[in-house]
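First comes the structure, then the notes that go with it.
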Amino acid sequence: LRAQMQRLMSRERRERERLDAINELTSFAHRQPPPSAPMVGLGLNFDAREIDWLLFRGLERRVPLPTDLDLEGLLSCVSMEQAEVQRRLLGLSARCGSTKLKTAIYEVFSAGGKRLRPALCLLVNRTLRASDEGQLREKQTGYVQERTSNEVYTLSVAIEIIHTASLLHDDILDDAETRRQRKTVHRAFGPDVAVLGGDFLFAHAS
């Protein structure tokens, strides 16, 4: 009994220390951060406010997103590549043999979305690109970056296609009425088109 009591007390002490550490970190969540310059691309100019939010998000889900944290600004360093990904996604509808399915696929990808998965793929590519392909070269006009390879675009598009296909099928199971402020595919075109659309996307991504 004595040994068991000691183990319980030791465990309680560790849990209390862990809770105190978390409370100490999250106690800064409501402090007013000092004014700072706007960010320039993801990771290029983080200040204490953004870093604090990222840390708090990992420790405390209730910490709200800063109102002036702009996603478009965060991903501005891959905005051109994102536009190419979107162009390729919209072009998928041309591969459909059915007019109804073609319209449904086009509607899905034209409804908007953050496209975070392709963005992460593009950012990783920029980080890990070999020096002979992705090295930033200094010229008189500034820094010029080599073009993103077709393989990276293919992977980025495939990741977003798989995600979208799962949403089409999930909306049927959940009987969801809207997706991104528009009618879901099974509501607008029928469940058969939604099932075939998801299968078409899964097959195309593979």
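Starting from 1 in every chain, residues are counted up; chains themselves are A, B, ... following the order of the structure tokens, and ligands are numbered from 1 as listed.
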
>> Please extract the residues of segment 88-173 of chain A with a backbone DSSP assignment of helix (DSSP H, G or I) and present them as an MDAnalysis selection string.
In response: chainID A and resid 88:95 99:110 116:128 131:134 150:173

Once you count only C-alpha atoms, what closest atom pair and distance in Å to one decimal does each residue of segment 151-195 of chain A within 9 Å of segment 100-114 of chain A have, with rows by chain and rising residue number, as CSV?
residue,atom,partner,partner_atom,distance
A:Thr164,CA,A:Val108,CA,8.0
A:Leu168,CA,A:Val108,CA,8.9
A:Arg179,CA,A:Ala111,CA,8.5
A:Arg180,CA,A:Ala111,CA,6.6
A:Gln181,CA,A:Ala111,CA,8.3
A:Arg182,CA,A:Ala111,CA,7.4
A:Thr184,CA,A:Val108,CA,8.5
A:Val185,CA,A:Ala104,CA,6.6
A:Ala188,CA,A:Ala104,CA,8.4
A:Phe189,CA,A:Ala104,CA,7.1
A:Val193,CA,A:Leu101,CA,6.3
A:Ala194,CA,A:Ala104,CA,8.1

The residue from A:Gly91, A:Met80, A:Leu75, A:Gly97 with the smallest atom-to-atom distance to Leu116 of chain A, counting only C-alpha atoms, is A:Leu75

Non-local contacts of Phe202 of chain A (10 Å; only C-alpha atoms; under 5 positions in same chain excluded) as an MDAnalysis selection string: chainID A and resid 158 161:166 196:197

From the list A:Arg117, A:Arg95, A:Arg7, A:Arg14, the nearest residue to Tyr153 of chain A using only C-alpha atoms is A:Arg117
